[in-house]
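Peer 1: mmCIF, C-alpha atoms, file protein.cif:
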data_entry
#
loop_
_atom_site.label_atom_id
_atom_site.label_comp_id
_atom_site.auth_asym_id
_atom_site.auth_seq_id
_atom_site.Cartn_x
_atom_site.Cartn_y
_atom_site.Cartn_z
CA MET P 1 76.23 5.09 -45.91
CA THR P 2 76.19 5.74 -49.65
CA ASP P 3 72.94 5.93 -51.60
CA ASP P 4 73.50 2.47 -53.07
CA GLU P 5 74.07 1.00 -49.63
CA LEU P 6 70.94 2.70 -48.34
CA VAL P 7 68.89 1.16 -51.15
CA ALA P 8 70.53 -2.26 -50.74
CA ALA P 9 69.81 -2.24 -47.00
CA TYR P 10 66.16 -1.32 -47.61
CA LEU P 11 65.72 -4.06 -50.21
CA ARG P 12 67.41 -6.55 -47.91
CA ARG P 13 64.90 -5.74 -45.17
CA LEU P 14 62.08 -6.07 -47.69
CA ARG P 15 63.37 -9.45 -48.91
CA ARG P 16 63.63 -10.68 -45.33
CA ALA P 17 60.11 -9.51 -44.47
CA ALA P 18 58.77 -11.02 -47.70
CA ARG P 19 59.95 -14.54 -46.87
CA VAL P 20 56.42 -15.38 -45.77
CA LEU P 21 55.13 -14.80 -49.30
CA PRO P 22 55.09 -17.44 -52.05
CA ARG P 23 58.28 -17.18 -54.09
CA ALA P 24 56.76 -15.72 -57.27
CA ARG P 25 54.87 -13.09 -55.30
CA ARG P 26 57.96 -12.20 -53.31
CA ARG P 27 60.09 -11.75 -56.41
CA GLU P 28 57.44 -9.64 -58.11
CA LEU P 29 57.06 -7.37 -55.09
CA VAL P 30 60.80 -6.87 -54.56
CA ASP P 31 61.28 -6.20 -58.30
CA GLU P 32 58.55 -3.57 -58.34
CA ILE P 33 59.81 -1.80 -55.24
CA ALA P 34 63.36 -1.87 -56.64
CA GLU P 35 62.04 -0.35 -59.88
CA HIS P 36 60.15 2.30 -57.95
CA ILE P 37 63.33 3.29 -56.13
CA ALA P 38 65.31 3.34 -59.40
CA GLN P 39 62.66 5.53 -61.01
CA ALA P 40 62.56 7.82 -58.00
CA ARG P 41 66.34 8.19 -58.15
CA ALA P 42 66.24 8.82 -61.90
CA SER P 43 63.66 11.57 -61.45
CA VAL P 44 65.80 13.17 -58.75
CA THR P 45 68.85 13.09 -61.02
CA VAL P 46 66.84 14.76 -63.79
CA SER P 47 65.45 17.48 -61.58
CA GLY P 48 68.93 18.09 -60.20
CA GLU P 49 67.95 17.84 -56.56
CA GLY P 50 70.64 16.18 -54.60
CA GLY P 51 71.68 13.76 -52.10
CA SER P 52 70.88 11.10 -49.64
CA GLU P 53 68.24 13.18 -47.88
CA VAL P 54 66.01 12.97 -50.93
CA LEU P 55 66.59 9.22 -51.11
CA SER P 56 65.85 8.66 -47.43
CA HIS P 57 62.70 10.67 -47.89
CA GLU P 58 61.71 8.45 -50.83
CA LEU P 59 62.27 5.31 -48.76
CA GLU P 60 60.24 6.83 -45.95
CA ARG P 61 57.37 7.47 -48.35
CA LEU P 62 57.51 3.84 -49.49
CA GLY P 63 57.02 2.79 -45.89
CA GLU P 64 58.21 -0.02 -43.64
CA PRO P 65 58.98 -3.25 -45.53
CA ARG P 66 56.85 -5.27 -43.13
CA ASP P 67 53.85 -3.00 -43.81
CA ILE P 68 54.29 -3.52 -47.54
CA VAL P 69 54.51 -7.29 -47.05
CA ALA P 70 51.45 -7.20 -44.79
CA ALA P 71 49.56 -5.44 -47.59
CA ALA P 72 50.60 -8.31 -49.87
CA GLY P 73 48.90 -10.70 -47.49
CA GLY P 74 51.99 -11.84 -45.62
CA GLY P 75 52.51 -11.54 -41.90
CA VAL P 76 48.91 -10.85 -41.05
CA ARG P 77 48.13 -14.50 -40.59
CA ALA P 78 51.16 -15.49 -38.54
CA VAL P 79 49.84 -17.95 -36.00
CA ARG P 80 51.17 -20.62 -33.68
CA PRO P 81 51.46 -24.10 -35.14
CA ALA P 82 48.22 -25.94 -34.51
CA GLY P 83 47.84 -29.35 -32.88
CA LEU P 84 48.01 -31.16 -36.19
CA GLU P 85 51.38 -29.66 -37.07
CA VAL P 86 52.88 -30.32 -33.63
CA ALA P 87 51.63 -33.92 -33.76
CA ALA P 88 53.06 -34.35 -37.26
CA VAL P 89 56.52 -33.19 -36.18
CA ALA P 90 56.45 -35.29 -32.98
CA LEU P 91 55.47 -38.42 -34.92
CA LEU P 92 58.09 -37.80 -37.60
CA LEU P 93 60.78 -37.64 -34.92
CA THR P 94 59.70 -40.43 -32.60
CA GLY P 95 56.95 -42.38 -34.39
CA GLY P 96 59.42 -44.85 -35.86
CA ILE P 97 60.63 -45.95 -32.43
CA ALA P 98 57.55 -48.16 -32.25
CA GLY P 99 59.12 -49.99 -35.17
CA LEU P 100 62.11 -50.98 -33.03
CA ILE P 101 59.76 -52.86 -30.75
CA ILE P 102 57.15 -54.32 -33.05
CA GLY P 103 58.92 -54.21 -36.39
CA ILE P 104 57.98 -52.74 -39.73
CA PRO P 105 54.23 -52.27 -38.94
CA GLY P 106 55.32 -50.04 -36.08
CA VAL P 107 57.25 -47.79 -38.47
CA ILE P 108 54.28 -47.63 -40.82
CA VAL P 109 51.85 -46.74 -38.06
CA GLY P 110 54.08 -44.36 -36.08
CA TRP P 111 56.28 -42.54 -38.55
CA GLY P 112 53.79 -43.11 -41.38
CA ALA P 113 51.10 -41.26 -39.41
CA GLY P 114 53.53 -38.36 -39.07
CA VAL P 115 54.13 -38.30 -42.83
CA LEU P 116 50.39 -38.42 -43.47
CA LEU P 117 49.75 -35.44 -41.18
CA LEU P 118 52.70 -33.62 -42.77
CA TRP P 119 51.19 -33.93 -46.25
CA VAL P 120 47.64 -33.23 -45.11
CA SER P 121 48.49 -29.96 -43.33
CA PRO P 122 47.81 -26.78 -45.32
CA ARG P 123 50.53 -24.94 -43.40
CA TRP P 124 53.46 -26.43 -45.31
CA ARG P 125 54.33 -26.17 -48.97
CA TRP P 126 55.62 -29.18 -50.87
CA PRO P 127 59.40 -28.54 -50.52
CA ASP P 128 59.03 -28.61 -46.74
CA LYS P 129 56.81 -31.69 -46.93
CA LEU P 130 59.40 -33.47 -49.04
CA LEU P 131 62.17 -32.44 -46.66
CA GLY P 132 60.18 -33.69 -43.67
CA THR P 133 59.60 -37.01 -45.41
CA LEU P 134 63.19 -37.59 -46.53
CA VAL P 135 65.14 -36.49 -43.42
CA TRP P 136 65.13 -39.18 -42.12
CA PRO P 137 62.58 -41.83 -42.95
CA GLY P 138 61.78 -43.36 -39.59
CA GLY P 139 63.10 -40.40 -37.61
CA PHE P 140 65.26 -41.18 -34.57
CA ALA P 141 64.48 -44.89 -34.88
CA VAL P 142 66.80 -45.06 -37.87
CA VAL P 143 69.50 -43.25 -35.93
CA LEU P 144 69.16 -45.71 -33.05
CA LEU P 145 69.19 -48.62 -35.47
CA LEU P 146 72.29 -47.39 -37.27
CA GLY P 147 73.95 -46.73 -33.93
CA SER P 148 73.28 -50.25 -32.69
CA LEU P 149 74.49 -51.75 -35.97
CA ALA P 150 77.70 -49.75 -35.83
CA SER P 151 78.46 -50.72 -32.24
CA SER P 152 77.56 -54.37 -32.65
CA ALA P 153 79.89 -54.58 -35.57
CA GLN P 154 82.78 -53.81 -33.30
CA VAL P 155 84.78 -56.83 -32.35
CA CYS P 156 85.71 -56.97 -28.68
CA SER P 157 88.28 -59.37 -27.38
CA GLY P 158 89.72 -60.10 -23.99
CA GLY P 159 88.38 -61.96 -21.01
CA SER P 160 88.36 -61.63 -17.24
CA GLY P 161 91.56 -60.30 -15.82
CA THR P 162 92.76 -58.69 -19.02
CA ALA P 163 91.66 -55.33 -20.26
CA THR P 164 88.87 -55.52 -22.73
CA ARG P 165 90.13 -54.43 -26.10
CA CYS P 166 87.84 -53.49 -28.90
CA SER P 167 89.17 -53.36 -32.40
CA GLY P 168 87.35 -51.47 -35.06
CA GLY P 169 86.70 -54.56 -37.12
CA SER P 170 84.06 -53.81 -39.68
CA GLY P 171 82.55 -51.17 -37.34
CA TRP P 172 82.93 -47.50 -38.11
CA PRO P 173 86.11 -45.83 -36.97
CA PRO P 174 85.55 -42.87 -34.60
CA TRP P 175 86.53 -40.26 -37.19
CA LEU P 176 83.59 -41.45 -39.28
CA ALA P 177 81.19 -42.56 -36.58
CA ILE P 178 81.21 -39.26 -34.67
CA PRO P 179 80.33 -36.92 -37.57
CA VAL P 180 77.82 -39.43 -38.90
CA THR P 181 76.12 -39.59 -35.51
CA VAL P 182 76.08 -35.81 -35.22
CA VAL P 183 74.53 -35.44 -38.68
CA ALA P 184 72.08 -38.28 -38.03
CA VAL P 185 70.88 -36.70 -34.79
CA ALA P 186 71.03 -33.07 -35.91
CA GLY P 187 69.22 -33.74 -39.21
CA PRO P 188 65.81 -34.62 -37.79
CA ILE P 189 66.09 -31.95 -35.09
CA LEU P 190 66.91 -29.17 -37.56
CA VAL P 191 64.17 -30.30 -39.92
CA ALA P 192 61.71 -30.42 -37.01
CA ILE P 193 62.63 -26.86 -35.99
CA ARG P 194 62.27 -25.67 -39.58
CA LEU P 195 58.87 -27.34 -39.93
CA LEU P 196 57.61 -25.79 -36.69
CA LEU P 197 58.81 -22.34 -37.75
CA ARG P 198 57.24 -22.69 -41.20
CA ALA P 199 53.98 -23.90 -39.64
CA ARG P 200 53.56 -20.47 -38.04
CA VAL P 201 52.55 -18.93 -41.35
CA VAL P 202 49.56 -19.88 -43.40
CA PRO P 203 50.80 -19.82 -46.98
CA ASP P 204 49.21 -17.69 -49.63
CA PRO P 205 46.50 -15.91 -47.68
CA GLY P 206 46.62 -12.95 -50.07
CA GLU P 207 43.77 -12.65 -52.48
CA SER P 208 41.02 -11.53 -50.13
CA ALA P 209 40.61 -7.87 -51.02
CA THR P 210 38.99 -8.51 -54.37
CA PRO P 211 37.50 -5.45 -55.97
CA ARG P 212 34.25 -7.22 -56.74
CA LEU P 213 31.10 -5.25 -56.40
CA ILE P 214 28.30 -6.63 -54.30
CA ALA P 215 25.72 -4.70 -56.27
CA SER P 216 25.39 -5.77 -59.89
CA MET M 1 24.18 -6.15 -32.50
CA TYR M 2 27.16 -4.14 -33.64
CA CYS M 3 27.60 -0.99 -31.58
CA MET M 4 29.37 2.02 -32.96
CA VAL M 5 31.22 4.24 -30.55
CA ALA M 6 32.80 7.63 -31.07
CA GLY M 7 36.39 7.29 -32.28
CA GLU M 8 35.64 4.07 -34.05
CA ALA M 9 34.53 6.15 -36.99
CA THR M 10 38.20 6.83 -37.77
CA ASN M 11 38.84 3.11 -38.02
CA GLN M 12 35.74 2.61 -40.14
CA VAL M 13 36.82 5.35 -42.50
CA ALA M 14 40.27 3.76 -42.78
CA GLN M 15 38.63 0.49 -43.77
CA MET M 16 36.41 2.23 -46.30
CA ARG M 17 39.44 3.94 -47.76
CA ARG M 18 41.19 0.57 -48.07
CA GLY M 19 38.17 -0.83 -49.85
CA LEU M 20 38.01 2.13 -52.23
CA LEU M 21 41.72 2.21 -53.07
CA PRO M 22 41.54 -0.47 -55.82
CA TYR M 23 38.91 1.62 -57.63
CA CYS M 24 40.98 4.76 -57.21
CA VAL M 25 43.88 2.92 -58.86
CA LEU M 26 41.59 1.84 -61.71
CA ALA M 27 40.28 5.39 -62.03
CA MET M 28 43.81 6.81 -62.30
CA LEU M 29 44.47 4.46 -65.21
CA ARG M 30 41.31 5.37 -67.09
CA GLY M 31 42.22 6.45 -70.60
CA THR M 32 45.93 6.58 -69.86
CA GLU M 33 48.90 4.39 -69.08
CA ARG M 34 51.13 5.20 -66.16
CA TYR M 35 54.38 3.72 -64.94
CA GLY M 36 54.77 2.53 -61.36
CA PHE M 37 56.51 5.48 -59.80
CA GLU M 38 54.25 8.01 -61.50
CA LEU M 39 51.04 6.18 -60.53
CA VAL M 40 52.11 5.59 -56.96
CA ARG M 41 53.32 9.16 -56.53
CA ALA M 42 50.05 10.53 -57.88
CA LEU M 43 48.01 8.36 -55.50
CA GLY M 44 50.35 9.12 -52.62
CA SER M 45 49.87 12.85 -53.21
CA ILE M 46 46.12 12.65 -52.61
CA GLU M 47 45.53 13.76 -49.06
CA GLY M 48 44.74 10.86 -46.73
CA MET M 49 44.66 8.22 -49.46
CA VAL M 50 47.67 6.07 -48.56
CA THR M 51 50.03 6.14 -45.62
CA SER M 52 52.87 4.21 -47.19
CA GLU M 53 53.26 4.27 -50.96
CA GLY M 54 54.91 0.86 -51.09
CA THR M 55 51.64 -0.83 -50.15
CA ILE M 56 50.17 0.15 -53.54
CA TYR M 57 52.41 -2.39 -55.32
CA PRO M 58 50.82 -5.47 -53.73
CA LEU M 59 47.47 -3.99 -54.75
CA LEU M 60 48.67 -3.52 -58.33
CA GLY M 61 49.85 -7.14 -58.35
CA ARG M 62 46.42 -8.27 -57.18
CA LEU M 63 44.64 -6.22 -59.84
CA ARG M 64 46.96 -7.69 -62.45
CA ARG M 65 46.26 -11.26 -61.31
CA GLN M 66 42.56 -10.50 -61.46
CA GLY M 67 42.96 -9.33 -65.04
CA LEU M 68 41.76 -5.79 -64.33
CA VAL M 69 45.12 -4.20 -65.06
CA GLY M 70 47.74 -5.08 -67.69
CA THR M 71 51.42 -4.21 -67.83
CA SER M 72 53.98 -3.59 -70.54
CA TRP M 73 57.63 -2.57 -70.56
CA ARG M 74 58.78 0.59 -72.26
CA GLU M 75 62.21 2.20 -72.61
CA SER M 76 62.62 5.52 -70.89
CA ALA M 77 64.57 8.56 -72.09
CA SER M 78 65.77 9.16 -68.55
CA GLY M 79 66.72 6.17 -66.47
CA PRO M 80 65.81 2.47 -66.46
CA PRO M 81 63.01 0.86 -68.56
CA ARG M 82 59.57 1.35 -67.08
CA ARG M 83 56.72 -1.03 -66.42
CA TYR M 84 53.54 0.69 -67.59
CA TYR M 85 50.15 -0.17 -66.13
CA ARG M 86 46.93 0.15 -68.11
CA LEU M 87 43.27 -0.80 -67.71
CA THR M 88 42.08 -3.98 -69.38
CA SER M 89 38.53 -4.19 -70.72
CA ALA M 90 37.60 -6.16 -67.57
CA GLY M 91 39.13 -3.33 -65.53
CA GLU M 92 37.11 -0.74 -67.46
CA ALA M 93 33.93 -2.75 -66.82
CA ALA M 94 34.70 -3.07 -63.10
CA LEU M 95 35.37 0.67 -62.88
CA ALA M 96 32.13 1.51 -64.73
CA ASP M 97 30.16 -0.78 -62.38
CA PHE M 98 31.76 0.81 -59.39
CA THR M 99 31.23 4.36 -60.65
CA GLY M 100 27.48 3.81 -60.96
CA ALA M 101 27.19 2.16 -57.55
CA TRP M 102 29.41 4.78 -55.92
CA ILE M 103 27.45 7.75 -57.23
CA GLN M 104 24.22 6.21 -56.01
CA LEU M 105 25.64 5.39 -52.59
CA ARG M 106 27.36 8.75 -52.23
CA ASP M 107 24.16 10.65 -53.10
CA SER M 108 22.10 8.57 -50.66
CA VAL M 109 24.57 9.08 -47.82
CA ASP M 110 24.89 12.79 -48.61
CA GLU M 111 21.12 13.16 -48.57
CA LEU M 112 20.88 11.42 -45.18
CA LEU M 113 23.65 13.52 -43.71
CA GLU M 114 22.15 16.75 -45.09
CA ALA M 115 18.68 15.84 -43.74
CA GLU M 116 20.24 15.13 -40.36
CA LYS M 117 21.92 18.53 -40.40
CA ARG M 118 18.71 20.35 -41.28
CA SER M 119 16.77 18.69 -38.48
CA LEU M 120 19.26 19.89 -35.89
CA PRO M 121 18.25 23.14 -34.15
#
Spit out the file's structure as structure tokens when you get a sec.

Peer 2:
Amino acid sequence: MTDDELVAAYLRRLRRAARVLPRARRRELVDEIAEHIAQARASVTVSGEGGSEVLSHELERLGEPRDIVAAAGGGVRAVRPAGLEVAAVALLLTGGIAGLIIGIPGVIVGWGAGVLLLWVSPRWRWPDKLLGTLVWPGGFAVVLLLGSLASSAQVCSGGSGTATRCSGGSGWPPWLAIPVTVVAVAGPILVAIRLLLRARVVPDPGESATPRLIAS
Amino acid sequence: MYCMVAGEATNQVAQMRRGLLPYCVLAMLRGTERYGFELVRALGSIEGMVTSEGTIYPLLGRLRRQGLVGTSWRESASGPPRRYYRLTSAGEAALADFTGAWIQLRDSVDELLEAEKRSLP
């Protein structure tokens, strides 16, 4: 491994560990550590000491990326999603199904409650909240609805004794219906998984160690 | 009631050190500007002050957001441009406050510990 690769690998690990931090904080931290390494390397070049051993030693002195991120307030508060978050995700996925039975009010009550919990929870930041709201409104109910529309649009002909033959009619041809179904089903599931993973970290827990004096 | 056991003192001292570190950073910037690597290396060279130097950067970020430390970029004769850290007037005030409180606390604790030592046979 060359020196550059060594540095790149270290910064990659730092970036990965720093995912729990708010974006601005993450960028600032990675920039500063990258600068530190550049300055350390520059000072080594000036003093004429050589080689990767010096660089590895420098990286060792910096410490484990996850320790640095923990000092920035990330990672220390990783917790399991609480009841509210689990309920939000469950309602987003399945809440709309009530709408299939009792109509629009069902969607509002079921899926709408999920959206409300999603936006109320402090565990998610707004991009995730928006994603949870938009993919898909109504959750699986919409998938079921689309599925039933697509199949009912198929025109079937043929009676007893002859083989039933279904023509595509205005229904979706298989080459379109299959990928659409996969996307429609996978969308809410992937978003649900993402939301549950994100709910494990309380955002922005950092600023606790304020150097304020108790005595005045 | 909190009960202190032998061995826990190490942990307590580690916590105290963590609490003192921001003031040590402010103290190192008193009357002088330092760039990241230089500041961190100086702090890292003090015996028992920090275990991993990288953790000083999040602290510097915090001090900057609190307005106690300011930064500015400067070209360097050798290598990339450097981000210099300096004390702001709020930082100087915080350091002065701390210095007074620290001296008082240190003297009181020293006195107690010395008295304890004298009373032992």

Peer 1: From the list P:Ala71, P:Leu131, P:Leu197, P:Leu84, which residue is nearest M:Arg18 when using all atoms listed in the file?

Peer 2: P:Ala71

Peer 1: So how many Å separate atom CA of M:Gly48 and atom CA of M:Arg17, to one decimal?

Peer 2: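 Pair atom CA of M:Gly48 / atom CA of M:Arg17 returns 8.8 Å.
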
Peer 1: Residues of chain P were defined as contacting chain M if any atom lay at most 6 Å from it, counting all atoms listed in the file; please report them as a list in words.

Peer 2: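 Close to chain M, chain P has His36, Ala42, Arg61, Leu62, Gly63, Ile68, Ala71 and Ala72 of chain P.
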
Peer 1: Give me the residues within 12 Å of P:Gly139 as an NGL selection string, counting all atoms listed in the file and dropping any in the same chain fewer than 5 places off.

Peer 2: :P and (88-100 or 107-108 or 110-112 or 114-115 or 132-134 or 144-146 or 184-192)

Peer 1: Which value, in Å to one decimal, gives the distance between atom CA of P:Val44 and atom CA of P:Glu5?

Peer 2: 17.3 Å

Peer 1: Give me, as a list in words, all polymer residues having an atom no more than 12 Å from M:Ala96, counting all atoms listed in the file and skipping those fewer than 4 positions away in the same chain.

Peer 2: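 Answer for this query is Leu213 and Ser216 of chain P; Tyr23, Leu26, Ala27, Arg30, Leu87, Ser89, Ala90, Gly91, Glu92, Gly100, Ala101, Trp102 and Ile103 of chain M.
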
Peer 1: Please compute the atom CA of M:Met16-atom CA of M:Leu105 distance, one decimal, in Å.

Peer 2: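 Between atom CA of M:Met16 and atom CA of M:Leu105 the gap is 12.9 Å.
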
Peer 1: Find the residues around P:Val7 up to 9 Å (only C-alpha atoms counted), leave out those fewer than 6 positions away in its own chain, and share them as a count of residues only.

Peer 2: 5

Peer 1: If we count all atoms listed in the file, what is near M:Tyr84 at a cut-off of 9 Å, once residues fewer than 5 positions away on the same chain are taken out, given as a ChimeraX atom specification?

Peer 2: /M:33-36,70-74
